[in-house]
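Next comes structure_36.cif, with mmCIF, C-alpha atoms.
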data_final
#
loop_
_atom_site.label_atom_id
_atom_site.label_comp_id
_atom_site.auth_asym_id
_atom_site.auth_seq_id
_atom_site.Cartn_x
_atom_site.Cartn_y
_atom_site.Cartn_z
CA MET A 542 124.90 196.30 91.66
CA ALA A 543 124.66 196.97 95.39
CA MET A 544 124.24 193.92 97.60
CA SER A 545 121.48 194.20 100.13
CA SER A 546 122.49 194.94 103.69
CA VAL A 547 121.21 191.55 104.82
CA ASN A 548 123.63 189.50 102.75
CA ASN A 549 122.99 185.82 103.32
CA GLY A 550 125.03 185.54 100.16
CA VAL A 551 122.08 185.24 97.80
CA ASN A 552 122.05 187.87 95.07
CA VAL A 553 118.31 188.42 95.19
CA GLN A 554 118.48 191.66 93.23
CA ALA A 555 120.05 189.82 90.32
CA LEU A 556 117.23 187.27 90.44
CA LEU A 557 114.60 189.99 90.52
CA ASP A 558 116.33 191.74 87.60
CA ALA A 559 116.46 188.44 85.72
CA ARG A 560 112.76 187.92 86.30
CA GLU A 561 112.05 191.29 84.70
CA ALA A 562 114.40 190.65 81.78
CA LEU A 563 112.94 187.18 81.14
CA LYS A 564 109.46 188.63 80.73
CA ASP A 565 110.57 189.83 77.30
CA ALA A 566 112.28 186.54 76.39
CA PRO A 567 109.91 183.75 77.40
CA GLY A 568 111.84 181.03 75.50
CA ALA A 569 114.84 181.74 77.71
CA THR A 570 113.03 180.30 80.74
CA LYS A 571 112.93 176.80 79.22
CA PHE A 572 115.66 174.79 80.90
CA LYS A 573 116.89 171.24 80.50
CA TRP A 574 118.89 169.64 83.31
CA ARG A 575 120.85 166.47 82.69
CA ALA A 576 122.71 163.58 84.27
CA SER A 577 124.58 160.75 82.56
CA CYS A 578 124.84 157.44 84.34
CA LYS A 579 127.24 154.57 83.64
CA TRP A 580 126.77 151.18 85.20
CA GLN A 581 129.96 149.93 86.87
CA ASN A 582 129.23 146.51 88.41
CA GLY A 583 126.51 145.01 90.53
CA THR A 584 124.27 147.85 91.75
CA LEU A 585 127.09 150.41 91.52
CA SER A 586 126.82 153.22 88.98
CA GLN A 587 128.55 156.50 88.41
CA SER A 588 126.59 159.53 87.27
CA SER A 589 128.04 162.79 86.05
CA VAL A 590 126.53 166.24 85.86
CA GLN A 591 127.92 169.14 83.88
CA GLY A 592 125.99 170.45 80.90
CA PHE A 593 122.52 171.92 80.88
CA PHE A 594 120.41 174.10 78.61
CA GLY A 595 118.98 177.47 79.59
CA LEU A 596 118.61 181.09 78.55
CA GLY A 597 118.34 179.83 75.00
CA GLN A 598 121.71 178.08 74.80
CA GLU A 599 123.90 175.27 76.09
CA GLN A 600 125.44 176.00 79.49
CA GLN A 601 128.11 174.28 81.59
CA HIS A 602 128.70 174.01 85.29
CA LYS A 603 132.16 175.30 86.21
CA THR A 604 133.18 171.73 86.98
CA GLU A 605 131.81 168.29 86.24
CA THR A 606 130.61 166.46 89.32
CA SER A 607 130.50 162.66 89.62
CA PHE A 608 128.29 160.67 91.94
CA ASP A 609 128.64 157.02 92.90
CA ALA A 610 125.38 155.29 93.75
CA ASP A 611 125.13 151.80 95.19
CA HIS A 612 123.10 149.69 97.59
CA PRO A 613 124.17 148.83 101.14
CA GLU A 614 125.73 145.58 102.29
CA ILE A 615 122.48 144.39 103.89
CA PHE A 616 121.17 144.15 100.30
CA ALA A 617 124.20 142.03 99.39
CA SER A 618 125.80 144.98 97.59
CA GLU A 619 129.19 146.62 98.08
CA ASP A 620 127.92 149.91 99.58
CA LEU A 621 130.27 152.00 97.47
CA GLY A 622 127.95 155.01 97.39
CA ALA A 623 124.73 156.51 98.66
CA THR A 624 121.54 154.83 97.49
CA PRO A 625 119.44 156.35 94.70
CA VAL A 626 116.64 157.16 97.15
CA GLU A 627 119.08 159.07 99.35
CA TYR A 628 120.02 161.22 96.35
CA VAL A 629 116.38 162.28 96.17
CA LEU A 630 116.53 163.35 99.83
CA VAL A 631 119.71 165.35 99.15
CA GLY A 632 117.91 167.10 96.31
CA LEU A 633 114.89 167.86 98.45
CA ALA A 634 116.89 169.12 101.44
CA SER A 635 119.20 171.29 99.36
CA CYS A 636 116.36 172.76 97.30
CA LEU A 637 114.35 173.80 100.35
CA THR A 638 117.48 175.10 102.10
CA ALA A 639 118.55 177.26 99.13
CA GLY A 640 115.01 178.55 99.01
CA VAL A 641 115.08 179.52 102.68
CA ALA A 642 118.29 181.50 102.08
CA ALA A 643 116.88 183.26 99.03
CA VAL A 644 113.55 184.13 100.65
CA ALA A 645 115.31 185.35 103.81
CA GLU A 646 117.52 187.61 101.73
CA ASN A 647 114.48 189.02 99.95
CA ARG A 648 112.67 189.61 103.26
CA GLY A 649 115.62 191.22 104.99
CA ILE A 650 116.17 188.38 107.46
CA LYS A 651 119.79 187.61 108.38
CA LEU A 652 120.35 183.85 108.77
CA ARG A 653 122.91 182.53 111.22
CA SER A 654 122.38 178.82 110.57
CA VAL A 655 119.99 176.55 108.69
CA GLU A 656 119.91 172.79 109.11
CA ALA A 657 117.46 170.39 107.53
CA ASP A 658 117.10 166.75 108.49
CA VAL A 659 115.18 164.71 105.96
CA GLU A 660 113.85 161.22 106.55
CA GLY A 661 111.93 159.10 104.06
CA SER A 662 109.99 156.02 105.12
CA MET A 663 109.79 153.07 102.79
CA ASP A 664 108.50 149.52 103.07
CA ILE A 665 110.90 147.48 100.94
CA GLN A 666 108.22 144.85 100.33
CA GLY A 667 107.50 147.04 97.28
CA ILE A 668 110.92 146.98 95.61
CA LEU A 669 111.42 143.32 96.56
CA GLY A 670 108.16 142.41 94.86
CA MET A 671 106.74 140.83 98.03
CA ASP A 672 103.45 142.72 98.02
CA SER A 673 102.14 144.55 94.97
CA ASP A 674 99.97 146.75 97.20
CA VAL A 675 103.09 148.29 98.74
CA ARG A 676 104.53 151.13 96.69
CA ASN A 677 108.19 151.08 95.67
CA GLY A 678 108.95 154.63 96.73
CA TYR A 679 108.65 156.56 99.96
CA ASP A 680 105.31 156.38 101.71
CA ASP A 681 106.18 159.55 103.60
CA ILE A 682 109.01 162.08 103.82
CA LYS A 683 109.56 164.33 106.80
CA VAL A 684 111.75 167.44 106.68
CA THR A 685 112.75 169.09 109.96
CA PHE A 686 114.33 172.53 109.89
CA LYS A 687 116.40 174.11 112.62
CA ILE A 688 116.95 177.77 111.77
CA ASP A 689 118.78 180.40 113.75
CA ALA A 690 117.98 183.87 112.42
CA ASP A 691 117.12 187.40 113.41
CA ALA A 692 113.41 186.73 113.16
CA SER A 693 110.43 185.46 115.12
CA LYS A 694 109.39 181.82 115.01
CA LYS A 695 106.39 182.90 112.96
CA ASP A 696 108.54 184.74 110.41
CA ILE A 697 110.91 181.78 110.20
CA GLU A 698 107.98 179.43 109.56
CA ALA A 699 106.79 181.80 106.84
CA LEU A 700 110.26 181.64 105.23
CA VAL A 701 110.07 177.87 105.09
CA ALA A 702 106.52 177.93 103.76
CA GLN A 703 107.52 180.28 100.94
CA SER A 704 110.53 178.11 100.13
CA GLN A 705 108.21 175.09 99.80
CA LYS A 706 105.92 177.10 97.55
CA ARG A 707 108.75 177.81 95.09
CA SER A 708 110.77 174.63 95.43
CA ALA A 709 111.34 172.62 92.27
CA VAL A 710 112.21 169.38 94.08
CA TYR A 711 109.37 169.68 96.58
CA ASP A 712 107.05 169.95 93.56
CA ILE A 713 108.69 167.02 91.76
CA VAL A 714 108.32 164.77 94.81
CA THR A 715 104.85 165.79 95.96
CA ASN A 716 103.23 165.92 92.52
CA PRO A 717 103.28 163.43 89.65
CA THR A 718 105.98 164.07 87.06
CA ASN A 719 105.96 162.33 83.71
CA VAL A 720 108.98 160.12 83.00
CA THR A 721 109.49 158.52 79.59
CA VAL A 722 112.02 155.71 79.35
CA GLU A 723 113.43 154.77 75.95
CA VAL A 724 115.92 152.10 74.92
CA LEU A 725 118.11 153.01 71.94
CA MET B 63 126.27 130.51 98.28
CA ALA B 64 127.05 129.86 94.63
CA MET B 65 127.04 132.91 92.36
CA SER B 66 125.07 132.47 89.19
CA SER B 67 127.02 131.88 86.01
CA VAL B 68 125.83 135.23 84.63
CA ASN B 69 127.47 137.40 87.24
CA ASN B 70 126.76 141.04 86.53
CA GLY B 71 127.90 141.42 90.12
CA VAL B 72 124.42 141.50 91.63
CA ASN B 73 123.86 138.87 94.29
CA VAL B 74 120.34 138.04 93.21
CA GLN B 75 120.22 134.81 95.19
CA ALA B 76 120.85 136.73 98.40
CA LEU B 77 117.99 139.07 97.53
CA LEU B 78 115.67 136.15 96.79
CA ASP B 79 116.70 134.52 100.07
CA ALA B 80 116.11 137.81 101.90
CA ARG B 81 112.66 138.06 100.37
CA GLU B 82 111.80 134.65 101.75
CA ALA B 83 113.25 135.42 105.19
CA LEU B 84 111.44 138.78 105.37
CA LYS B 85 108.07 137.10 104.87
CA ASP B 86 108.33 135.95 108.49
CA ALA B 87 109.50 139.32 109.78
CA PRO B 88 107.33 141.97 108.16
CA GLY B 89 108.50 144.78 110.48
CA ALA B 90 112.02 144.30 109.14
CA THR B 91 110.95 145.65 105.74
CA LYS B 92 110.23 149.13 107.13
CA PHE B 93 113.17 151.34 106.19
CA LYS B 94 113.99 154.96 106.88
CA TRP B 95 116.53 156.72 104.66
CA ARG B 96 118.05 160.02 105.74
CA ALA B 97 120.04 163.04 104.67
CA SER B 98 121.21 165.98 106.78
CA CYS B 99 121.70 169.33 105.11
CA LYS B 100 123.62 172.35 106.37
CA TRP B 101 123.34 175.72 104.70
CA GLN B 102 126.76 177.19 103.90
CA ASN B 103 126.21 180.56 102.21
CA GLY B 104 124.04 181.89 99.43
CA THR B 105 122.40 178.92 97.71
CA LEU B 106 125.24 176.56 98.69
CA SER B 107 124.49 173.72 101.10
CA GLN B 108 126.26 170.55 102.12
CA SER B 109 124.28 167.38 102.74
CA SER B 110 125.59 164.22 104.33
CA VAL B 111 124.32 160.67 104.14
CA GLN B 112 125.34 157.85 106.44
CA GLY B 113 122.80 156.39 108.84
CA PHE B 114 119.56 154.68 107.97
CA PHE B 115 117.10 152.33 109.64
CA GLY B 116 116.20 148.88 108.36
CA LEU B 117 115.83 145.22 109.29
CA GLY B 118 114.56 146.44 112.66
CA GLN B 119 117.63 148.42 113.68
CA GLU B 120 119.87 151.39 112.98
CA GLN B 121 122.29 150.80 110.10
CA GLN B 122 125.28 152.71 108.77
CA HIS B 123 126.79 153.05 105.33
CA LYS B 124 130.45 152.01 105.36
CA THR B 125 131.39 155.64 104.85
CA GLU B 126 129.64 158.98 105.18
CA THR B 127 129.16 160.77 101.86
CA SER B 128 128.87 164.54 101.51
CA PHE B 129 127.21 166.40 98.68
CA ASP B 130 127.54 170.08 97.81
CA ALA B 131 124.50 171.58 96.12
CA ASP B 132 124.39 175.06 94.64
CA HIS B 133 122.91 177.04 91.77
CA PRO B 134 124.80 177.99 88.61
CA GLU B 135 126.36 181.37 87.88
CA ILE B 136 123.57 182.34 85.48
CA PHE B 137 121.37 182.45 88.61
CA ALA B 138 123.91 184.77 90.26
CA SER B 139 125.18 181.91 92.43
CA GLU B 140 128.69 180.53 92.85
CA ASP B 141 128.09 177.17 91.09
CA LEU B 142 129.94 175.21 93.77
CA GLY B 143 127.89 172.06 93.28
CA ALA B 144 125.22 170.36 91.23
CA THR B 145 121.73 171.81 91.51
CA PRO B 146 119.09 170.12 93.68
CA VAL B 147 117.08 169.17 90.59
CA GLU B 148 120.14 167.43 89.12
CA TYR B 149 120.42 165.32 92.28
CA VAL B 150 116.93 164.02 91.52
CA LEU B 151 118.09 162.99 88.03
CA VAL B 152 121.13 161.21 89.53
CA GLY B 153 118.78 159.32 91.84
CA LEU B 154 116.47 158.35 88.99
CA ALA B 155 119.26 157.28 86.63
CA SER B 156 121.10 155.24 89.27
CA CYS B 157 117.93 153.56 90.52
CA LEU B 158 116.85 152.42 87.07
CA THR B 159 120.42 151.35 86.21
CA ALA B 160 120.84 149.24 89.35
CA GLY B 161 117.48 147.70 88.56
CA VAL B 162 118.56 146.78 85.05
CA ALA B 163 121.63 145.02 86.48
CA ALA B 164 119.61 143.14 89.08
CA VAL B 165 116.88 142.06 86.66
CA ALA B 166 119.47 141.01 84.08
CA GLU B 167 121.21 138.88 86.68
CA ASN B 168 117.93 137.24 87.61
CA ARG B 169 117.08 136.56 83.95
CA GLY B 170 120.50 135.19 83.06
CA ILE B 171 121.46 138.07 80.79
CA LYS B 172 125.12 139.10 80.85
CA LEU B 173 125.51 142.87 80.57
CA ARG B 174 128.51 144.41 78.86
CA SER B 175 127.58 148.07 79.33
CA VAL B 176 124.64 150.14 80.49
CA GLU B 177 124.40 153.89 80.04
CA ALA B 178 121.48 156.11 80.90
CA ASP B 179 121.13 159.73 79.85
CA VAL B 180 118.48 161.61 81.78
CA GLU B 181 117.10 165.00 80.83
CA GLY B 182 114.47 166.94 82.73
CA SER B 183 112.65 169.89 81.16
CA MET B 184 111.65 172.81 83.34
CA ASP B 185 110.24 176.26 82.71
CA ILE B 186 111.86 178.45 85.38
CA GLN B 187 108.96 180.87 85.24
CA GLY B 188 107.63 178.63 88.02
CA ILE B 189 110.48 178.91 90.51
CA LEU B 190 110.96 182.59 89.70
CA GLY B 191 107.31 183.26 90.48
CA MET B 192 106.67 184.76 87.05
CA ASP B 193 103.63 182.65 86.23
CA SER B 194 101.70 180.72 88.85
CA ASP B 195 100.31 178.39 86.16
CA VAL B 196 103.84 177.08 85.49
CA ARG B 197 104.90 174.33 87.86
CA ASN B 198 108.15 174.62 89.80
CA GLY B 199 109.39 171.14 88.99
CA TYR B 200 110.07 169.23 85.82
CA ASP B 201 107.29 169.20 83.26
CA ASP B 202 108.83 166.10 81.71
CA ILE B 203 111.79 163.78 82.23
CA LYS B 204 113.25 161.60 79.50
CA VAL B 205 115.54 158.65 80.23
CA THR B 206 117.47 157.10 77.32
CA PHE B 207 119.22 153.77 77.84
CA LYS B 208 122.03 152.37 75.75
CA ILE B 209 122.59 148.76 76.75
CA ASP B 210 125.05 146.27 75.33
CA ALA B 211 124.16 142.75 76.44
CA ASP B 212 123.83 139.16 75.31
CA ALA B 213 120.14 139.58 74.57
CA SER B 214 117.70 140.66 71.90
CA LYS B 215 116.42 144.22 71.71
CA LYS B 216 113.07 142.91 72.92
CA ASP B 217 114.62 141.21 75.95
CA ILE B 218 116.64 144.33 76.74
CA GLU B 219 113.49 146.45 76.57
CA ALA B 220 111.80 143.99 78.91
CA LEU B 221 114.71 144.37 81.38
CA VAL B 222 114.24 148.12 81.42
CA ALA B 223 110.47 147.81 81.79
CA GLN B 224 110.88 145.50 84.79
CA SER B 225 113.41 147.87 86.34
CA GLN B 226 110.89 150.72 86.03
CA LYS B 227 108.23 148.54 87.62
CA ARG B 228 110.37 147.99 90.73
CA SER B 229 112.19 151.31 90.90
CA ALA B 230 111.78 153.33 94.08
CA VAL B 231 112.86 156.62 92.53
CA TYR B 232 110.77 156.15 89.39
CA ASP B 233 107.79 155.70 91.70
CA ILE B 234 108.70 158.74 93.84
CA VAL B 235 108.98 160.97 90.79
CA THR B 236 106.01 159.73 88.78
CA ASN B 237 103.58 159.45 91.69
CA PRO B 238 102.69 161.92 94.45
CA THR B 239 104.69 161.44 97.65
CA ASN B 240 103.66 163.13 100.87
CA VAL B 241 106.25 165.54 102.31
CA THR B 242 105.74 167.14 105.73
CA VAL B 243 107.93 170.12 106.59
CA GLU B 244 108.35 171.11 110.21
CA VAL B 245 110.30 173.96 111.83
CA LEU B 246 111.68 173.16 115.28
#

Written as structure tokens, how would this file's structure read?
Amino acid sequence: MAMSSVNNGVNVQALLDAREALKDAPGATKFKWRASCKWQNGTLSQSSVQGFFGLGQEQQHKTETSFDADHPEIFASEDLGATPVEYVLVGLASCLTAGVAAVAENRGIKLRSVEADVEGSMDIQGILGMDSDVRNGYDDIKVTFKIDADASKKDIEALVAQSQKRSAVYDIVTNPTNVTVEVL
Amino acid sequence: MAMSSVNNGVNVQALLDAREALKDAPGATKFKWRASCKWQNGTLSQSSVQGFFGLGQEQQHKTETSFDADHPEIFASEDLGATPVEYVLVGLASCLTAGVAAVAENRGIKLRSVEADVEGSMDIQGILGMDSDVRNGYDDIKVTFKIDADASKKDIEALVAQSQKRSAVYDIVTNPTNVTVEVL
């Protein structure tokens, strides 16, 4: 398969081909993504990611990745990893950024650099149980893109808008997602 | 400060003391968490987490942490990191797990082990733009805890329920959170 001449490194043609092929195999589009978390001590946990389900069968990432999560010292923790709420920001930033690259490829826009700064505001009165009117999560998240590309400001803004429109994590964060918690 | 005799490693007394102290300094409870993402190539990005704002001033994690995010080979990507949607699961699992440890400490329950398996279901017809009625994000997330502790099943279930009630990431995922995206 010929790569496009733009080549941000995203194989858009393969994705477009996949979209066509999947039209005849609708069950194949049902994915399950997974993480397994083991408590270590205090607020420290280690999560691992490797297996997932998609295209009708079990799949594996090439390598297993492990992630330490903890709370900072100002919460009387050991600060041996990023906080859980920072992992959400990493997911959001990386999802929108991958989307920008994919949409740029599809639109024939060569990217030179893409940077996204994400900041989430939170009043910790919620998680500390000080005020039940204060939510536990972010009250607002701001994403700021700096993009250098062979395109007008307007076209670059349109790239970002399309990335938002197709972003899984943007959807998960901005819309309610059902979570069921079970204890075996 | 005396540690409690339970000692899951969570300094609950410090958190309770902080809650009291923060009542007289409400501005100190306003936090900002951050991640910075740089596109590498294709769908690969690298995000870093270090600085945040809280207790009225800039704060730093002890070390900067970097996270590679990518898409798997079945999406014609290089699979050089976990996917953005898996980072959300890591955040959810680690948030609920840290909460279980903290609540157990506060309730005098000694934990021996805590494991959480998280699975998010997604129909990729959404992100591929095949069907605009299919959402981009997870249609459902299931968290399964296995907890070994000096407590009854009922008390363990109550621990998990209280962790959900105070979890920042559980709130972010299950409720709508505003995200503003700007292009500089």

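A straight line drawn from CA of Trp95 in chain B to CA of Phe115 in chain B is 6.7 Å long.
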
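Near range 599-602 of chain A, within 12 Å and counting all atoms listed in the file, sit Ala569, Lys571, Phe572, Lys573, Trp574, Arg575, Ser589, Val590, Gln591, Gly592 and Phe593 of chain A; Ala131, Asp132, His133, Pro134, Glu135, Ile136, Phe137, Ser139, Glu140, Asp141, Leu142, Gly143, Ala144, Thr145 and Glu148 of chain B; same-chain residues fewer than 6 positions away were not included.
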
- Message: I'd like the neighbourhood of range 655-663 of chain A as a PyMOL selection string, where a residue qualifies if any of its atoms comes within 10 Å (using all atoms listed in the file), though same-chain residues fewer than 6 positions away should be ignored.
- Response: (chain A and resi 626-627+629-631+633-635+637-639+641-642+675-690) or (chain B and resi 91-103+107-110+114-116+230+239-245)

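We find CA of Arg707 in chain A and CA of Gly188 in chain B to be spaced 7.2 Å apart.
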
- CA of Pro625 in chain A to CA of Asn237 in chain B: how many Å, to one decimal? 16.4 Å

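For the structure in this document, the set picked by the PyMOL selection byres ((chain A and resi 669) around 8) is Ile665, Gln666, Gly667, Ile668, Gly670 and Met671 of chain A; Leu77, Arg81 and Arg228 of chain B.
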
- Which one is closest to Asp691 in chain A: A:Ser607, A:Ser654, A:Thr584, A:Asn552? Count all atoms listed in the file. A:Ser654
